[in-house]
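S.K.: This is the structure I want to talk about, given as structure tokens.
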Amino acid sequence: ALVTTKNMFEKAFQGGYAIGAFNINNMEIIQGIVEAARRQNSAVILQVSKGALKYAHPKYLRAMVEAAVAETGLDIALHLDHGPDFETCRDCIDYGFTSVMFDGSHYDYEENVAKTKEIVDYAHARGVVVEAELGKLAGIEDDVKVDEKNASFTDPDQAVDFVKRTGVDSLAVAIGTSHGAYKFKGEAKLDFERLEEITRKLEEAGIHNFPIVLHGASSVDQKSVEMCNAYGGKINGAKGIPAEMLRKAASMAVCKINMDTDLRLAMTAAVRKALAEDPAGIDPRGYLGSGRDLITELVEGKIKDVIGSADSM
Ligand code: G3H
Ligand code: 13P
Ligand code: ZN
Ligand code: NA
């Protein structure tokens with residue numbers, strides 16, 4: 001069924017795993033992800049950015065996701081990723097999304113609280129859940145480039161205050177991840193102590209099993225990068241979050257792990273290879289089909305070996 005993330009997160013928190021949240025922009029990406037979830041009998045979150053809304057239209061995305069639900073019988077949540085304002089969140093709720101993120105992380109604290117609360121009120125009255133964000137990720141977020149110096153990790157005490165005052169259902173935190181293909185110049189490092197402290201302080205405040213969300217969690221697998229480059233790509237110095245760190249986060253309070261870059265790399269690598277190997281070919285079903293297949297392989301690997309959501313249905 002098309003569901004909210006409520007049950008998914010409850011089970012994930014207790015089971016020590018996370019649900020994958022994958023960005024969707026077209027039919028092949030949706031089908032690639034959902035086929036992997038079906039094979040692994042896994043619940044899944046399909047998420048749509050503002051750019052994806054503009055590219056594909058919410059009505060098309062909603063209809064394709066409904067088709068995926070009807071075809072597989074899986075629990076699927078349709079989620080707005082990085083909602084920039086009340087209007088975008090409201091529109092997605094009205095279009096039948098089951099979950100929305102309001103990203104007020106670039107506002108000052110009180111403004112983030114007030115704006116998040118307004119969306120929580122609108123969403124909860126309609127049975128929709130809300131994710132918010134506190135702290136700043138390095139990298140590119142909502143067209144705002146935050147460099148590593150201006151990134152600021154989530155303050156645990158503020159997180160407790162924020163959750164209490166907004167009534168939000170899950171919280172995206174900054175602990176060292178960032179968006180895109182270039183996450184670290186040197187060694188990859190995440191602040192797991194901070195993550196632990198956030199959960200401990202929430203528990204002390206009587207907020208139990210509260211789901212934390214990890215954005216910017218692509219691993220930037222070197223195999224896809226090399227495949228892109230072998231067929232005409234020019235991707236240099238790309239680096240993501242090692243699978244081992246994601247496994248650790250998933251075993252903790254992190255219940256939702258966001259991945260977009262890995263899917264982009266897989267799709268691009270497969271399309272480049274298919275076009276290069278069949279220079280006379282002009283059937284989009286050939287190369288887009290290759291992209292779809294590689295996305296399935298990628299997502300199956302994430303579900304089985306990284307986030308641990310296999311058989312979560
Ligand atoms: O966090 C951003 C996601 O990777 C979506 O990216 O805004 O280019 O669709 P996009
Ligand atoms: P990546 O760029 O690491 O895939 O992160 C995606 C994301 O956080 C979408 O909200
Ligand atoms: Zn994100
Ligand atoms: Na978890």
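Convention: chains lettered A, B, ... in structure tokens order; per-chain residue numbering from 1; ligands numbered from 1 as shown.
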Enumerate, in order of chain and increasing residue number, the residues of chain A with an atom no farther than 9 Å from ligand 4, each with its shortest atom pair and distance in Å to one decimal, counting only C-alpha atoms and all ligand atoms, as a Markdown table.
M.R.:
```
| residue | atom | partner | partner_atom_place_in_ligand_line | distance |
| --- | --- | --- | --- | --- |
| A:Phe9 | CA | ligand 4 | 1 (Na) | 8.1 |
| A:Lys11 | CA | ligand 4 | 1 (Na) | 8.9 |
| A:Ala12 | CA | ligand 4 | 1 (Na) | 5.4 |
| A:Phe13 | CA | ligand 4 | 1 (Na) | 4.6 |
| A:Gln14 | CA | ligand 4 | 1 (Na) | 7.3 |
| A:Gly15 | CA | ligand 4 | 1 (Na) | 7.0 |
| A:Gly16 | CA | ligand 4 | 1 (Na) | 4.3 |
| A:Tyr17 | CA | ligand 4 | 1 (Na) | 4.1 |
| A:Ala18 | CA | ligand 4 | 1 (Na) | 4.7 |
| A:Ile19 | CA | ligand 4 | 1 (Na) | 8.2 |
| A:Pro211 | CA | ligand 4 | 1 (Na) | 7.6 |
| A:Ile212 | CA | ligand 4 | 1 (Na) | 8.0 |
| A:Arg247 | CA | ligand 4 | 1 (Na) | 8.9 |
| A:Lys248 | CA | ligand 4 | 1 (Na) | 8.5 |
| A:Ala249 | CA | ligand 4 | 1 (Na) | 6.6 |
| A:Ala250 | CA | ligand 4 | 1 (Na) | 4.0 |
| A:Ser251 | CA | ligand 4 | 1 (Na) | 4.6 |
| A:Met252 | CA | ligand 4 | 1 (Na) | 4.6 |
| A:Ala253 | CA | ligand 4 | 1 (Na) | 4.5 |
| A:Val254 | CA | ligand 4 | 1 (Na) | 4.3 |
| A:Cys255 | CA | ligand 4 | 1 (Na) | 4.4 |
| A:Lys256 | CA | ligand 4 | 1 (Na) | 7.7 |
| A:Ile307 | CA | ligand 4 | 1 (Na) | 8.4 |
```
S.K.: Output N, CA and C atoms of each residue in that selection to a file, as an mmCIF file, in the first residue's frame.
M.R.:
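Below is the file that was written, result32.cif:
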```cif
data_model
loop_
_atom_site.group_PDB
_atom_site.id
_atom_site.type_symbol
_atom_site.label_atom_id
_atom_site.label_comp_id
_atom_site.auth_asym_id
_atom_site.auth_seq_id
_atom_site.Cartn_x
_atom_site.Cartn_y
_atom_site.Cartn_z
ATOM 1 N N PHE A 9 9.408 2.990 10.208
ATOM 2 C CA PHE A 9 10.435 3.493 11.121
ATOM 3 C C PHE A 9 10.376 2.778 12.469
ATOM 4 N N LYS A 11 9.511 -0.308 13.022
ATOM 5 C CA LYS A 11 10.142 -1.622 12.854
ATOM 6 C C LYS A 11 11.653 -1.483 12.642
ATOM 7 N N ALA A 12 12.038 -0.476 11.866
ATOM 8 C CA ALA A 12 13.465 -0.283 11.585
ATOM 9 C C ALA A 12 14.226 0.070 12.855
ATOM 10 N N PHE A 13 13.626 0.949 13.665
ATOM 11 C CA PHE A 13 14.314 1.352 14.899
ATOM 12 C C PHE A 13 14.566 0.128 15.767
ATOM 13 N N GLN A 14 13.505 -0.670 15.932
ATOM 14 C CA GLN A 14 13.638 -1.831 16.817
ATOM 15 C C GLN A 14 14.500 -2.923 16.227
ATOM 16 N N GLY A 15 14.467 -3.045 14.913
ATOM 17 C CA GLY A 15 15.249 -4.097 14.264
ATOM 18 C C GLY A 15 16.691 -3.709 13.990
ATOM 19 N N GLY A 16 17.056 -2.466 14.275
ATOM 20 C CA GLY A 16 18.440 -2.050 14.050
ATOM 21 C C GLY A 16 18.825 -1.975 12.585
ATOM 22 N N TYR A 17 17.864 -1.564 11.758
ATOM 23 C CA TYR A 17 18.195 -1.364 10.342
ATOM 24 C C TYR A 17 17.596 -0.027 9.889
ATOM 25 N N ALA A 18 17.729 0.285 8.602
ATOM 26 C CA ALA A 18 17.148 1.515 8.069
ATOM 27 C C ALA A 18 16.404 1.203 6.776
ATOM 28 N N ILE A 19 15.476 2.074 6.436
ATOM 29 C CA ILE A 19 14.763 1.982 5.162
ATOM 30 C C ILE A 19 15.488 2.892 4.163
ATOM 31 N N PRO A 211 13.042 8.369 15.137
ATOM 32 C CA PRO A 211 13.789 8.074 13.906
ATOM 33 C C PRO A 211 14.633 9.246 13.411
ATOM 34 N N ILE A 212 15.900 8.951 13.182
ATOM 35 C CA ILE A 212 16.847 9.926 12.639
ATOM 36 C C ILE A 212 17.055 9.611 11.148
ATOM 37 N N ARG A 247 26.232 0.986 7.566
ATOM 38 C CA ARG A 247 25.734 -0.153 8.357
ATOM 39 C C ARG A 247 25.667 0.221 9.820
ATOM 40 N N LYS A 248 26.690 0.909 10.292
ATOM 41 C CA LYS A 248 26.727 1.313 11.704
ATOM 42 C C LYS A 248 25.592 2.300 11.996
ATOM 43 N N ALA A 249 25.417 3.284 11.114
ATOM 44 C CA ALA A 249 24.335 4.264 11.314
ATOM 45 C C ALA A 249 22.978 3.565 11.333
ATOM 46 N N ALA A 250 22.804 2.605 10.419
ATOM 47 C CA ALA A 250 21.527 1.888 10.323
ATOM 48 C C ALA A 250 21.259 1.057 11.578
ATOM 49 N N SER A 251 22.321 0.592 12.221
ATOM 50 C CA SER A 251 22.152 -0.205 13.444
ATOM 51 C C SER A 251 21.767 0.693 14.615
ATOM 52 N N MET A 252 21.989 2.000 14.467
ATOM 53 C CA MET A 252 21.656 2.963 15.522
ATOM 54 C C MET A 252 20.270 3.564 15.239
ATOM 55 N N ALA A 253 20.053 4.820 15.635
ATOM 56 C CA ALA A 253 18.711 5.421 15.516
ATOM 57 C C ALA A 253 18.364 5.845 14.087
ATOM 58 N N VAL A 254 19.309 5.760 13.182
ATOM 59 C CA VAL A 254 19.030 6.144 11.794
ATOM 60 C C VAL A 254 18.059 5.129 11.177
ATOM 61 N N CYS A 255 16.901 5.624 10.763
ATOM 62 C CA CYS A 255 15.849 4.759 10.204
ATOM 63 C C CYS A 255 15.604 5.035 8.729
ATOM 64 N N LYS A 256 16.184 6.106 8.204
ATOM 65 C CA LYS A 256 15.995 6.464 6.787
ATOM 66 C C LYS A 256 17.341 6.909 6.243
ATOM 67 N N ILE A 307 21.796 -1.387 4.244
ATOM 68 C CA ILE A 307 20.788 -0.819 5.160
ATOM 69 C C ILE A 307 20.034 -1.906 5.934
#
```
S.K.: Restrict the calculation to only C-alpha atoms, then for each residue of region 132-214 of chain A with any atom at most 8 Å from an atom of region 113-127 of chain A give the closest atom pair and their distance in Å to one decimal, rows by chain and rising residue number, as JSON lines.
M.R.:
```
{"residue": "A:Ala132", "atom": "CA", "partner": "A:Thr116", "partner_atom": "CA", "distance": 6.8}
{"residue": "A:Phe162", "atom": "CA", "partner": "A:Val113", "partner_atom": "CA", "distance": 6.4}
{"residue": "A:Arg165", "atom": "CA", "partner": "A:Val113", "partner_atom": "CA", "distance": 7.1}
{"residue": "A:Thr166", "atom": "CA", "partner": "A:Lys117", "partner_atom": "CA", "distance": 4.6}
{"residue": "A:Gly167", "atom": "CA", "partner": "A:Val120", "partner_atom": "CA", "distance": 6.9}
{"residue": "A:Val168", "atom": "CA", "partner": "A:Val120", "partner_atom": "CA", "distance": 6.3}
```
S.K.: To check your reading of the model: which residues sit at most 10 Å from ligand 1 when counting only C-alpha atoms and all ligand atoms? Write the answer as a PyMOL selection string.
M.R.: chain A and resi 22-25+47-55+81-82+139-143+178-181+215-218+258-264
S.K.: So which residues touch region 94-105 of chain A within 8 Å, counting only C-alpha atoms, skipping near sequence neighbours fewer than 5 positions away, as a PyMOL selection string?
M.R.: chain A and resi 2-5+58-59+62+77-86+89+111-112+115-116+119+127-136
S.K.: Please determine, counting only C-alpha atoms and all ligand atoms, which residue among A:Val173, A:Val306, A:Ile282, A:Ala276 has the shortest atom-to-atom distance to ligand 3.
M.R.: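 Distance minimum relative to ligand 3 lands on A:Val173.
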S.K.: From a backbone DSSP assignment, name each residue in region 73-303 of chain A labelled strand (DSSP E), as a VMD selection string.
M.R.: chain A and resid 76 to 83 99 to 102 129 to 134 139 to 141 144 to 146 170 to 173 212 to 214 254 to 259
S.K.: Run DSSP on the backbone and tell me which residues of region 68-298 of chain A come out as alpha helix (DSSP H); list them as a ChimeraX atom specification.
M.R.: /A:68-72,86-94,109-124,156-166,192-204,222-230,243-251,261-277,284-298
S.K.: Give the answer as one residue: which of A:His106, A:Gly176, A:Ile257, A:Leu74 has the shortest atom-to-atom distance to ligand 3, using only C-alpha atoms and all ligand atoms?
M.R.: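 Checking each candidate against ligand 3, we get A:Ile257 as the closest.
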S.K.: Name all residues at most 9 Å from Gly289 (chain A) (count only C-alpha atoms; drop same-chain ones fewer than 3 positions away) and give them as a PyMOL selection string.
M.R.: chain A and resi 28+270-271+284-286+292-294
S.K.: Write to file, as a JSON list (two decimals), in the first residue's frame, the residues of the selection just made, with C-alpha atoms.
M.R.:
```
[["chain", "number", "residue", "atom", "x", "y", "z"],
["A", 28, "GLU", "CA", 12.92, 3.73, -15.29],
["A", 270, "ALA", "CA", 24.90, 1.94, -17.83],
["A", 271, "VAL", "CA", 23.59, 4.37, -20.44],
["A", 284, "PRO", "CA", 15.78, 4.27, -25.95],
["A", 285, "ARG", "CA", 14.41, 1.07, -24.44],
["A", 286, "GLY", "CA", 17.84, -0.46, -24.95],
["A", 292, "ARG", "CA", 17.05, 0.46, -15.08],
["A", 293, "ASP", "CA", 18.74, -2.95, -14.64],
["A", 294, "LEU", "CA", 21.85, -1.46, -13.06]]
```
S.K.: Of the candidates A:Tyr107, A:Phe184, A:Tyr60, A:Phe153, which shows the shortest atom-to-atom distance to ligand 2, using only C-alpha atoms and all ligand atoms?
M.R.: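 Result for the nearest residue to ligand 2: A:Phe184.
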S.K.: Applying 9 Å and only C-alpha atoms, which residues near region 204-207 of chain A remain after dropping the ones on its own chain fewer than 3 positions away? List them as a VMD selection string.
M.R.: chain A and resid 160 163 to 164 199 to 201 210
S.K.: Produce a file of the selected residues containing C-alpha atoms, as an mmCIF file, in the first residue's frame.
M.R.:
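Listed below is the output, result-v2.cif:
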```
data_model
loop_
_atom_site.group_PDB
_atom_site.id
_atom_site.type_symbol
_atom_site.label_atom_id
_atom_site.label_comp_id
_atom_site.auth_asym_id
_atom_site.auth_seq_id
_atom_site.Cartn_x
_atom_site.Cartn_y
_atom_site.Cartn_z
ATOM 1 C CA VAL A 160 15.436 17.696 21.725
ATOM 2 C CA VAL A 163 11.387 17.769 18.274
ATOM 3 C CA LYS A 164 9.368 18.766 21.346
ATOM 4 C CA THR A 199 19.288 9.657 20.778
ATOM 5 C CA ARG A 200 20.318 9.519 24.447
ATOM 6 C CA LYS A 201 19.061 13.063 25.085
ATOM 7 C CA PHE A 210 12.805 8.606 17.564
#
```
S.K.: Counting only C-alpha atoms and all ligand atoms, figure out which residue out of A:Leu288, A:Ile29, A:Ala172, A:Cys228 gets nearest to ligand 3.
M.R.: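 Nearest to ligand 3: A:Ala172.
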S.K.: What is the distance, in Å and to one decimal place, between CA of Ala310 (chain A) and CA of Ile45 (chain A)?
M.R.: 13.6 Å
S.K.: So how far away is CA of Tyr182 (chain A) from CA of Gly237 (chain A), in Å?
M.R.: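 Between these atoms lies a distance of 6.9 Å.
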S.K.: Near Lys185 (chain A), counting only C-alpha atoms, which residues have an atom at most 12 Å away, once you skip same-chain residues fewer than 2 positions from it, shown as a list in words?
M.R.: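 Neighbouring residues, sequence-local ones excluded: Glu148, Ser178, Ala181, Tyr182, Lys183, Glu187, Ala188, Lys189, Asn236, Gly237, Ala238, Lys239, Gly240 and Ile241 of chain A.
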S.K.: Output C-alpha atoms for every residue in that selection, as a PDB file, in the first residue's frame.
M.R.:
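Written output follows (out28.pdb):
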```
ATOM      1  CA  GLU A 148      32.841  22.509   4.801  1.00  0.00           C
ATOM      2  CA  SER A 178      26.963  15.837   2.460  1.00  0.00           C
ATOM      3  CA  ALA A 181      29.568  12.898  -5.442  1.00  0.00           C
ATOM      4  CA  TYR A 182      32.382  14.742  -3.635  1.00  0.00           C
ATOM      5  CA  LYS A 183      31.861  14.219   0.056  1.00  0.00           C
ATOM      6  CA  GLU A 187      39.382  10.307   5.076  1.00  0.00           C
ATOM      7  CA  ALA A 188      35.647   9.712   5.425  1.00  0.00           C
ATOM      8  CA  LYS A 189      34.516  10.445   8.964  1.00  0.00           C
ATOM      9  CA  ASN A 236      37.520  12.799 -10.851  1.00  0.00           C
ATOM     10  CA  GLY A 237      38.019  12.659  -7.106  1.00  0.00           C
ATOM     11  CA  ALA A 238      34.492  11.505  -6.301  1.00  0.00           C
ATOM     12  CA  LYS A 239      34.156   9.988  -2.815  1.00  0.00           C
ATOM     13  CA  GLY A 240      31.200   8.829  -0.713  1.00  0.00           C
ATOM     14  CA  ILE A 241      30.317   7.257   2.618  1.00  0.00           C
TER      15      ILE A 241
END
```
S.K.: Which residues come within 6 Å of region 30-37 of chain A, counting only C-alpha atoms, excluding same-chain residues fewer than 5 positions away, as a ChimeraX atom specification?
M.R.: /A:24,42,292,295-296,299-300
